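Here is entry35.cif, consisting of mmCIF, C-alpha atoms:
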```cif
data_work
#
loop_
_atom_site.label_atom_id
_atom_site.label_comp_id
_atom_site.auth_asym_id
_atom_site.auth_seq_id
_atom_site.Cartn_x
_atom_site.Cartn_y
_atom_site.Cartn_z
CA MET A 1 202.56 121.32 13.98
CA ALA A 2 203.12 120.25 17.57
CA THR A 3 206.72 121.49 17.75
CA TYR A 4 206.07 124.83 16.09
CA GLU A 5 207.09 127.72 18.25
CA PRO A 6 206.66 131.07 16.57
CA LEU A 7 209.57 133.49 16.50
CA ILE A 8 208.51 137.09 17.07
CA LEU A 9 210.52 140.22 16.51
CA ALA A 10 209.45 143.17 18.63
CA PHE A 11 210.44 146.68 17.67
CA CYS A 12 210.33 148.42 21.03
CA CYS A 13 210.60 152.08 21.88
CA HIS A 14 213.44 152.90 24.26
CA TYR A 15 211.16 155.01 26.45
CA CYS A 16 208.23 152.68 26.97
CA ALA A 17 207.98 149.13 25.64
CA TYR A 18 211.67 148.39 26.14
CA ALA A 19 211.44 149.58 29.73
CA ALA A 20 208.16 147.67 30.12
CA ALA A 21 209.89 144.49 28.92
CA ASP A 22 212.63 145.17 31.45
CA LEU A 23 210.03 145.66 34.17
CA ALA A 24 208.27 142.43 33.18
CA GLY A 25 211.62 140.71 33.75
CA SER A 26 212.19 142.43 37.11
CA MET A 27 208.68 141.42 38.16
CA ARG A 28 209.54 137.81 37.24
CA LEU A 29 206.50 137.67 34.98
CA GLN A 30 206.17 134.56 32.87
CA TYR A 31 205.62 134.97 29.13
CA PRO A 32 206.61 132.97 26.05
CA ASN A 33 210.34 133.19 25.47
CA ASN A 34 210.11 133.34 21.70
CA VAL A 35 210.22 137.11 21.38
CA ARG A 36 213.37 138.95 20.32
CA VAL A 37 213.43 142.63 21.21
CA LEU A 38 215.00 145.22 18.96
CA LYS A 39 215.29 148.59 20.65
CA LEU A 40 214.52 151.76 18.75
CA PRO A 41 215.09 155.28 20.10
CA CYS A 42 211.43 155.90 19.20
CA THR A 43 209.01 153.85 17.11
CA GLY A 44 209.05 156.86 14.75
CA LYS A 45 212.45 155.51 13.72
CA LEU A 46 210.74 152.45 12.28
CA GLU A 47 210.57 152.21 8.52
CA VAL A 48 208.42 149.84 6.49
CA ASN A 49 211.56 148.20 5.11
CA PHE A 50 212.63 147.13 8.64
CA ILE A 51 209.38 145.22 8.97
CA LEU A 52 209.65 143.59 5.55
CA ALA A 53 213.33 142.75 6.20
CA ALA A 54 212.25 140.87 9.32
CA PHE A 55 209.60 138.87 7.46
CA GLU A 56 212.01 138.18 4.62
CA ARG A 57 214.46 136.71 7.14
CA GLY A 58 211.77 134.31 8.25
CA VAL A 59 210.32 135.61 11.51
CA ASP A 60 206.76 134.39 12.05
CA GLY A 61 205.45 137.67 13.40
CA VAL A 62 206.43 141.22 14.17
CA PHE A 63 205.04 143.65 16.66
CA VAL A 64 205.81 147.27 17.14
CA ALA A 65 205.38 148.66 20.64
CA GLY A 66 205.42 152.38 21.18
CA CYS A 67 204.36 154.84 23.85
CA LEU A 68 200.72 155.47 24.67
CA GLU A 69 199.14 157.80 22.17
CA GLY A 70 199.85 161.35 23.29
CA GLY A 71 202.85 160.20 25.31
CA CYS A 72 205.58 160.05 22.68
CA HIS A 73 208.85 161.74 23.71
CA TYR A 74 209.16 162.99 20.16
CA MET A 75 205.56 164.18 19.97
CA GLU A 76 204.18 161.89 17.28
CA GLY A 77 206.72 159.17 16.54
CA ASN A 78 204.30 156.47 17.72
CA LEU A 79 201.50 157.88 15.53
CA ARG A 80 203.79 157.79 12.51
CA ALA A 81 204.78 154.23 13.38
CA ARG A 82 201.11 153.21 13.46
CA ARG A 83 200.60 154.57 9.96
CA ARG A 84 203.72 152.77 8.74
CA VAL A 85 202.50 149.53 10.28
CA GLU A 86 199.20 150.01 8.45
CA ARG A 87 201.08 150.56 5.19
CA ALA A 88 203.20 147.47 5.82
CA LYS A 89 200.01 145.45 6.39
CA VAL A 90 198.76 146.53 2.95
CA LEU A 91 202.06 145.38 1.43
CA LEU A 92 201.89 142.06 3.30
CA SER A 93 198.42 141.48 1.82
CA GLU A 94 199.76 142.21 -1.66
CA ILE A 95 202.63 139.80 -1.05
CA GLY A 96 200.16 137.13 0.03
CA LEU A 97 201.20 136.94 3.69
CA GLU A 98 198.64 137.31 6.49
CA PRO A 99 198.69 140.95 7.69
CA GLU A 100 197.70 139.65 11.15
CA ARG A 101 201.33 138.60 11.56
CA LEU A 102 202.06 142.26 12.18
CA GLU A 103 200.60 144.44 14.91
CA MET A 104 201.13 147.77 16.61
CA PHE A 105 200.69 148.18 20.36
CA ASN A 106 200.91 151.13 22.71
CA LEU A 107 201.98 150.87 26.32
CA SER A 108 203.82 152.84 28.97
CA SER A 109 207.09 151.95 30.68
CA ALA A 110 205.12 151.08 33.83
CA GLN A 111 203.10 148.38 32.04
CA GLY A 112 205.33 145.36 32.47
CA PRO A 113 202.32 143.00 32.79
CA ARG A 114 200.88 144.44 29.56
CA PHE A 115 204.13 143.63 27.75
CA ALA A 116 203.86 140.02 28.91
CA GLU A 117 200.22 140.01 27.76
CA ILE A 118 201.14 141.33 24.31
CA VAL A 119 203.77 138.64 23.81
CA THR A 120 201.31 135.96 24.91
CA GLU A 121 198.61 137.38 22.63
CA MET A 122 200.91 137.48 19.61
CA THR A 123 202.26 134.01 20.31
CA THR A 124 198.72 132.58 20.44
CA ARG A 125 197.78 134.40 17.25
CA LEU A 126 200.89 133.18 15.40
CA ALA A 127 200.46 129.65 16.66
CA GLU A 128 197.06 129.64 14.95
CA LEU A 129 198.47 131.14 11.74
CA GLY A 130 201.27 128.59 11.57
CA PRO A 131 204.91 129.10 10.65
CA SER A 132 205.96 131.76 8.17
CA PRO A 133 206.42 130.43 4.65
CA PHE A 134 209.75 132.29 4.60
CA ARG A 135 211.16 130.51 7.61
CA PRO A 136 214.57 129.14 6.60
CA ALA A 137 215.28 125.49 7.31
CA ARG A 138 217.82 126.45 9.97
CA GLY A 139 215.32 128.81 11.63
CA ALA A 140 215.03 132.56 11.62
CA GLU A 141 217.24 133.18 14.67
CA GLU A 142 220.30 133.92 12.58
CA GLY A 143 218.45 136.49 10.48
CA VAL A 144 217.10 138.19 13.59
CA ARG A 145 220.58 138.31 15.13
CA GLU A 146 221.90 139.82 11.94
CA MET A 147 219.15 142.47 11.94
CA THR A 148 219.73 143.28 15.61
CA LYS A 149 223.47 143.66 15.03
CA GLN A 150 222.86 145.95 12.05
CA ALA A 151 220.40 148.04 14.02
CA GLU A 152 222.77 148.35 16.98
CA ALA A 153 225.63 149.38 14.70
CA HIS A 154 223.35 151.89 13.03
CA LEU A 155 222.02 153.37 16.24
CA THR A 156 225.39 153.70 17.92
CA ASP A 157 226.94 155.16 14.81
CA GLU A 158 227.83 158.76 15.66
CA ALA A 159 226.65 159.94 12.27
CA HIS A 160 223.13 158.91 13.21
CA GLY A 161 223.55 159.80 16.87
CA CYS A 162 220.15 158.56 18.02
CA VAL A 163 221.16 156.64 21.12
CA ALA A 164 224.76 156.84 22.24
CA ALA A 165 226.27 153.52 23.26
CA MET B 1 208.65 167.58 -9.87
CA ILE B 2 207.37 164.47 -11.57
CA VAL B 3 204.94 162.67 -9.30
CA ALA B 4 204.41 158.93 -9.46
CA ASN B 5 203.05 156.13 -7.32
CA ARG B 6 203.96 152.50 -7.04
CA LYS B 7 202.37 149.61 -8.84
CA ASN B 8 200.84 146.74 -6.94
CA VAL B 9 203.34 144.03 -5.91
CA GLN B 10 201.41 141.35 -7.80
CA GLU B 11 201.31 143.47 -10.95
CA ILE B 12 205.10 143.83 -10.92
CA ARG B 13 205.47 140.13 -10.12
CA ASP B 14 203.33 139.24 -13.12
CA MET B 15 205.26 141.65 -15.37
CA ILE B 16 208.60 140.02 -14.61
CA LYS B 17 207.17 136.53 -15.10
CA GLY B 18 209.59 134.30 -16.95
CA HIS B 19 212.72 136.20 -15.94
CA LYS B 20 215.39 134.69 -13.72
CA ARG B 21 217.46 137.69 -12.67
CA VAL B 22 215.77 141.03 -12.16
CA LEU B 23 217.39 144.32 -11.21
CA LEU B 24 215.18 146.95 -9.60
CA VAL B 25 216.58 150.39 -10.33
CA GLY B 26 215.50 153.29 -8.14
CA CYS B 27 215.88 156.95 -9.01
CA GLY B 28 217.24 159.49 -6.54
CA THR B 29 215.46 162.54 -7.87
CA CYS B 30 211.72 163.39 -8.27
CA VAL B 31 210.35 159.97 -7.32
CA THR B 32 212.49 159.92 -4.18
CA VAL B 33 210.91 163.20 -3.11
CA CYS B 34 207.39 161.95 -3.83
CA LEU B 35 208.20 158.74 -1.91
CA ALA B 36 207.55 156.40 -4.81
CA GLY B 37 210.84 155.17 -6.21
CA GLY B 38 213.85 156.23 -4.16
CA GLU B 39 216.33 153.94 -2.41
CA ARG B 40 213.97 153.13 0.46
CA GLU B 41 210.89 152.49 -1.66
CA THR B 42 212.89 150.37 -4.11
CA GLY B 43 214.20 148.35 -1.16
CA ILE B 44 210.68 147.85 0.15
CA LEU B 45 209.42 146.66 -3.23
CA GLY B 46 212.49 144.42 -3.58
CA SER B 47 211.71 142.71 -0.28
CA ALA B 48 208.03 142.44 -1.18
CA LEU B 49 208.76 140.99 -4.62
CA ARG B 50 211.19 138.38 -3.32
CA MET B 51 208.64 137.21 -0.76
CA SER B 52 205.80 137.28 -3.28
CA LEU B 53 207.84 135.22 -5.77
CA LYS B 54 208.74 132.71 -3.07
CA LEU B 55 205.07 132.24 -2.22
CA ILE B 56 204.26 131.23 -5.79
CA GLY B 57 207.20 128.82 -5.88
CA ARG B 58 209.53 131.11 -7.81
CA GLY B 59 211.97 131.71 -4.96
CA GLU B 60 214.90 130.99 -7.28
CA VAL B 61 214.38 134.30 -9.09
CA VAL B 62 217.13 136.75 -8.13
CA VAL B 63 215.81 140.22 -7.33
CA ASP B 64 218.47 142.83 -6.60
CA GLU B 65 218.14 146.56 -6.09
CA CYS B 66 220.22 149.60 -6.79
CA THR B 67 219.39 153.29 -6.85
CA ILE B 68 221.12 155.81 -9.03
CA GLU B 69 221.20 159.56 -8.70
CA ARG B 70 218.99 160.23 -11.69
CA GLN B 71 217.53 158.03 -14.41
CA CYS B 72 216.84 160.88 -16.85
CA ASP B 73 220.54 161.50 -17.43
CA ASP B 74 222.60 158.89 -19.21
CA ALA B 75 225.75 159.86 -17.27
CA PHE B 76 224.37 158.38 -14.05
CA PHE B 77 223.87 154.94 -15.60
CA ASP B 78 227.62 154.44 -15.27
CA ALA B 79 226.86 153.63 -11.63
CA ILE B 80 225.08 150.47 -12.85
CA GLY B 81 227.87 149.88 -15.33
CA SER B 82 228.29 146.37 -16.63
CA HIS B 83 226.16 144.91 -13.80
CA GLY B 84 223.08 145.68 -15.86
CA ALA B 85 224.09 143.01 -18.36
CA GLU B 86 224.06 140.37 -15.59
CA TYR B 87 220.26 140.61 -15.40
CA ASP B 88 217.69 139.49 -17.92
CA ALA B 89 215.17 142.11 -16.82
CA ILE B 90 215.29 145.56 -15.31
CA CYS B 91 212.39 147.14 -13.47
CA SER B 92 212.65 150.89 -13.20
CA PHE B 93 211.40 152.75 -10.16
CA GLY B 94 211.81 156.02 -11.97
CA CYS B 95 209.24 157.92 -13.99
CA GLY B 96 208.39 156.95 -17.57
CA VAL B 97 211.46 158.87 -18.71
CA GLY B 98 213.66 156.67 -16.56
CA VAL B 99 212.08 153.47 -17.88
CA GLN B 100 212.77 154.55 -21.47
CA ALA B 101 216.28 155.78 -20.67
CA LEU B 102 217.06 152.35 -19.21
CA ALA B 103 215.59 150.68 -22.29
CA GLU B 104 217.92 152.78 -24.48
CA ARG B 105 220.94 152.07 -22.31
CA PHE B 106 220.30 148.31 -22.15
CA PRO B 107 218.98 147.47 -25.63
CA ASN B 108 219.07 143.69 -25.10
CA THR B 109 217.39 143.61 -21.71
CA ALA B 110 213.67 143.64 -20.97
CA VAL B 111 212.72 146.80 -19.10
CA TYR B 112 209.53 147.22 -17.05
CA PRO B 113 207.94 150.09 -15.13
CA GLY B 114 207.62 149.70 -11.37
CA LEU B 115 205.71 152.96 -11.01
CA ASN B 116 202.75 154.69 -12.55
CA THR B 117 203.92 158.15 -13.54
CA GLN B 118 201.15 160.61 -12.75
CA PHE B 119 201.94 164.26 -13.42
CA MET B 120 204.14 167.29 -12.86
CA GLY B 121 203.07 168.63 -9.52
CA LEU B 122 203.63 170.31 -6.24
CA LEU B 123 203.74 169.04 -2.68
CA GLU B 124 200.50 170.41 -1.29
CA SER B 125 200.95 169.10 2.25
CA GLN B 126 202.93 166.18 3.65
CA GLY B 127 201.99 163.11 1.63
CA VAL B 128 199.76 165.03 -0.78
CA TRP B 129 200.85 166.03 -4.28
CA ALA B 130 198.76 168.04 -6.71
CA GLU B 131 198.98 168.40 -10.47
CA LYS B 132 200.03 171.86 -11.61
CA CYS B 133 201.55 171.71 -15.08
CA ALA B 134 200.67 169.87 -18.28
CA GLY B 135 203.89 170.82 -20.07
CA CYS B 136 202.00 172.25 -23.04
CA GLY B 137 205.13 173.95 -24.39
CA ASN B 138 203.58 177.40 -24.62
CA CYS B 139 203.21 178.83 -21.13
CA ARG B 140 200.39 181.36 -20.79
CA LEU B 141 200.27 181.56 -17.01
CA GLY B 142 200.83 185.33 -17.27
CA GLU B 143 197.38 185.72 -18.81
CA PHE B 144 195.69 183.79 -16.02
CA ALA B 145 197.12 185.34 -12.85
CA GLY B 146 199.57 182.48 -12.43
CA ILE B 147 196.99 179.68 -12.29
CA CYS B 148 196.97 177.21 -15.16
CA PRO B 149 193.53 176.64 -16.68
CA ILE B 150 194.85 173.79 -18.82
CA THR B 151 195.90 171.74 -15.83
CA ARG B 152 193.54 172.91 -13.15
CA CYS B 153 190.26 173.46 -14.97
CA ALA B 154 188.60 170.11 -15.73
CA LYS B 155 187.40 171.50 -19.06
CA HIS B 156 190.71 173.26 -19.83
CA LEU B 157 188.79 176.47 -20.51
CA PHE B 158 190.71 179.57 -21.59
CA ASN B 159 187.67 181.76 -21.12
CA GLY B 160 185.99 180.54 -17.97
CA PRO B 161 184.33 179.89 -15.72
CA CYS B 162 181.73 177.51 -17.10
CA GLY B 163 178.23 177.12 -15.68
CA GLY B 164 179.41 174.30 -13.43
CA SER B 165 181.30 176.55 -11.02
CA ARG B 166 179.48 176.44 -7.66
CA GLU B 167 180.72 178.48 -4.72
CA GLY B 168 184.29 178.13 -5.81
CA LYS B 169 184.07 174.40 -6.48
CA CYS B 170 184.08 172.46 -9.73
CA GLU B 171 181.07 170.42 -10.81
CA VAL B 172 183.35 167.51 -11.71
CA ARG B 173 184.38 166.85 -8.11
CA GLU B 174 183.24 168.48 -4.91
CA ASP B 175 186.77 168.64 -3.49
CA LEU B 176 188.12 170.32 -6.61
CA ASP B 177 188.55 174.08 -6.56
CA CYS B 178 187.18 175.85 -9.63
CA ALA B 179 190.35 177.03 -11.40
CA TRP B 180 188.49 180.02 -12.77
CA GLN B 181 187.36 181.09 -9.31
CA LEU B 182 191.03 180.88 -8.24
CA ILE B 183 192.08 182.86 -11.32
CA TYR B 184 189.45 185.53 -10.63
CA ASP B 185 190.33 185.83 -6.94
CA ARG B 186 194.03 186.07 -7.60
CA ALA B 187 193.62 188.51 -10.49
CA LYS B 188 191.54 190.69 -8.18
CA ASN B 189 194.23 190.54 -5.47
CA ILE B 190 197.01 191.55 -7.82
CA GLY B 191 194.92 194.17 -9.59
CA SER B 192 194.86 192.52 -13.01
CA LEU B 193 191.15 191.85 -13.44
CA ASP B 194 191.23 193.88 -16.67
CA LYS B 195 193.27 191.10 -18.29
CA LEU B 196 190.34 188.75 -17.87
CA GLU B 197 188.16 191.02 -19.97
CA GLU B 198 190.20 190.18 -23.02
CA ILE B 199 189.18 187.09 -24.95
CA ALA B 200 191.95 184.50 -24.56
CA LEU B 201 192.81 183.03 -27.95
CA PRO B 202 192.91 179.30 -28.50
CA ASN B 203 196.19 177.63 -27.72
CA ASP B 204 198.71 176.51 -30.31
CA TRP B 205 198.67 172.85 -29.40
CA SER B 206 201.38 172.03 -31.92
CA THR B 207 203.84 172.88 -29.15
CA ALA B 208 202.18 170.28 -26.91
CA LEU B 209 202.23 166.53 -27.31
CA ASP B 210 199.73 166.79 -30.18
CA GLY B 211 202.63 167.89 -32.38
CA GLY B 212 204.46 164.63 -31.70
CA PRO B 213 207.25 164.09 -29.17
CA ARG B 214 209.10 167.32 -28.54
CA LYS B 215 212.75 168.16 -28.34
CA VAL B 216 214.50 171.15 -26.83
CA VAL B 217 217.77 172.05 -28.52
CA ARG B 218 220.26 174.60 -27.25
CA GLU B 219 222.64 175.01 -30.19
CA ASP B 220 225.17 176.91 -28.06
CA GLN B 221 225.38 173.95 -25.68
CA CYS B 222 225.62 171.23 -28.31
CA ILE B 223 229.07 169.77 -28.77
CA ALA B 224 230.38 170.79 -32.20
CA GLY B 225 230.01 168.06 -34.74
CA LEU B 226 227.71 165.94 -32.58
CA GLY B 227 224.60 168.11 -32.68
CA PRO B 228 221.27 166.86 -31.43
CA LYS B 229 220.46 163.17 -31.89
CA ALA B 230 218.47 162.64 -35.08
#
```
Please express the file's structure as structure tokens.
Amino acid sequence: MATYEPLILAFCCHYCAYAAADLAGSMRLQYPNNVRVLKLPCTGKLEVNFILAAFERGVDGVFVAGCLEGGCHYMEGNLRARRRVERAKVLLSEIGLEPERLEMFNLSSAQGPRFAEIVTEMTTRLAELGPSPFRPARGAEEGVREMTKQAEAHLTDEAHGCVAA
Amino acid sequence: MIVANRKNVQEIRDMIKGHKRVLLVGCGTCVTVCLAGGERETGILGSALRMSLKLIGRGEVVVDECTIERQCDDAFFDAIGSHGAEYDAICSFGCGVGVQALAERFPNTAVYPGLNTQFMGLLESQGVWAEKCAGCGNCRLGEFAGICPITRCAKHLFNGPCGGSREGKCEVREDLDCAWQLIYDRAKNIGSLDKLEEIALPNDWSTALDGGPRKVVREDQCIAGLGPKA
């Protein structure tokens, strides 16, 4: 499909990938603009249901970007996230969706160029896989916005107190 | 606690074949603790099922989720209330008790199990559960230094060990501790080795499942006039 542009949701750790994405912007690096970033206080916050919720809302791919292994601010949040991503991949296979649509990456906050590389890599991969079969006719943007809003409300909620607004 | 694990997404999808509105009911007790059927796991399976159904062209099937405090107590089904009747199938993410309790509560609705109930067990380490009790109805752990030979010895021997005990391991599986080695070691530690010299008599299995489904009745707790269900 010539006009197909994959929509990617990136779950990014506040301490590394989110800062790396910011740095990529400051460095004026060029990368595909089809990635939507959802900030987590740590990728250890990620649950398998977040990933499935994203796919159910029609995103074409999801990546999780946490700190370099050994560099997590919460000791092992990124290692837990990796295991959850692996579990989600098993579920995606059972569902009948390509597990390659989901990937875990590790990078530091200083690796702005690596963030741009990851987005490019995922975009190329998803372009080959084609659009998600769950993509709504009106596109998945609305679902992603809804998820982002929910996540922001959740994270700024004092009861959860992860990242104060 | 009762330990269970989830069924494959496709297996559940095939079970609910032919239904148009399906309610997934999670349970907030044992299966939440063993990460099989609580609110989060039920939500995950709900998402997975909806996507799986869509992929086989059955996207019109409504799959909703709810999780109640406990499926093994009728009182908590009030939380589902009349909503249960709006669905033509219910899939329980509780143990086998929960599945049957739902079937009793909703006599005209198809009820399916979302989990495979495994055993009564203990959290050994994070993410690892081990079987400890067979619920035989006649606990003799006092005779065996607190280690159950029915559950933990592959041959259920009351007078062990057998000849297959090798350096503390069972011949059935290399990773399996020999229950009788554990019994011996613990009896030695607590100074009750003499108990092991007595021949343990065969069990009265009529108190176990072999005597048919069991019932525990506390007359003093029964409401006068109602008594236990026949």
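Here CA of Ala110 in chain B stands at a distance of 25.3 Å from CA of Leu91 in chain A.
For the file shown, the residue list from the PyMOL selection byres ((chain A) within 8 of (chain B)) reads Val48, Asn49, Leu52, Ala53, Glu56, Leu91, Leu92, Glu94, Ile95, Gly96, Pro133 and Phe134 of chain A.
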- request: Evaluate the PyMOL selection byres ((chain B and resi 199) around 12) here and jot the selected residues down as an NGL selection string.
  value: :B and (143-144 or 157-160 or 194-198 or 200-202)
- request: Rounded to one decimal place, report the CA of Cys66 in chain B-CA of Glu39 in chain B distance in Å.
  value: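 Separation between CA of Cys66 in chain B and CA of Glu39 in chain B: 7.3 Å.
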- request: Check what the PyMOL selection byres ((chain B and resi 85) around 10) selects in the file above and give those residues as a ChimeraX atom specification.
  value: /B:23,80-84,86-90,106-109
query: Suppose you want the space between CA of Arg125 in chain A and CA of Asn33 in chain A; what is it in Å?
result: 15.1 Å
Spatial neighbours of Val172 in chain B, max dist 12 Å, all atoms listed in the file, sep filter under 6 positions, as a PyMOL selection string: chain B and resi 152-155+162-166+178-179
Selection file, C-alpha atoms, as a short mmCIF file (atom, residue, chain, number, x, y, z; two decimals), in the frame of the given file:
```
data_model
loop_
_atom_site.label_atom_id
_atom_site.label_comp_id
_atom_site.auth_asym_id
_atom_site.auth_seq_id
_atom_site.Cartn_x
_atom_site.Cartn_y
_atom_site.Cartn_z
CA ARG B 152 193.54 172.91 -13.15
CA CYS B 153 190.26 173.46 -14.97
CA ALA B 154 188.60 170.11 -15.73
CA LYS B 155 187.40 171.50 -19.06
CA CYS B 162 181.73 177.51 -17.10
CA GLY B 163 178.23 177.12 -15.68
CA GLY B 164 179.41 174.30 -13.43
CA SER B 165 181.30 176.55 -11.02
CA ARG B 166 179.48 176.44 -7.66
CA CYS B 178 187.18 175.85 -9.63
CA ALA B 179 190.35 177.03 -11.40
#
```
message: Set the distance at 7 Å and use only C-alpha atoms: which residues neighbour Val61 in chain B once local chain neighbours fewer than 2 positions away are removed? I'd like the list as a ChimeraX atom specification.
response: /B:20-21,58-59,63
Residue subset to file, keeping C-alpha atoms, as a PDB file, keeping the file's coordinate frame:
```
ATOM      1  CA  LYS B  20     215.390 134.690 -13.720  1.00  0.00           C
ATOM      2  CA  ARG B  21     217.460 137.690 -12.670  1.00  0.00           C
ATOM      3  CA  ARG B  58     209.530 131.110  -7.810  1.00  0.00           C
ATOM      4  CA  GLY B  59     211.970 131.710  -4.960  1.00  0.00           C
ATOM      5  CA  VAL B  63     215.810 140.220  -7.330  1.00  0.00           C
TER       6      VAL B  63
END
```
- request: Check the smallest atom-to-atom distance from each of B:Ser192, B:Gln71, B:Thr117, B:Asn138 to Ala103 in chain B using only C-alpha atoms, then report the winner.
  value: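 Smallest separation from Ala103 in chain B among the options: B:Gln71.
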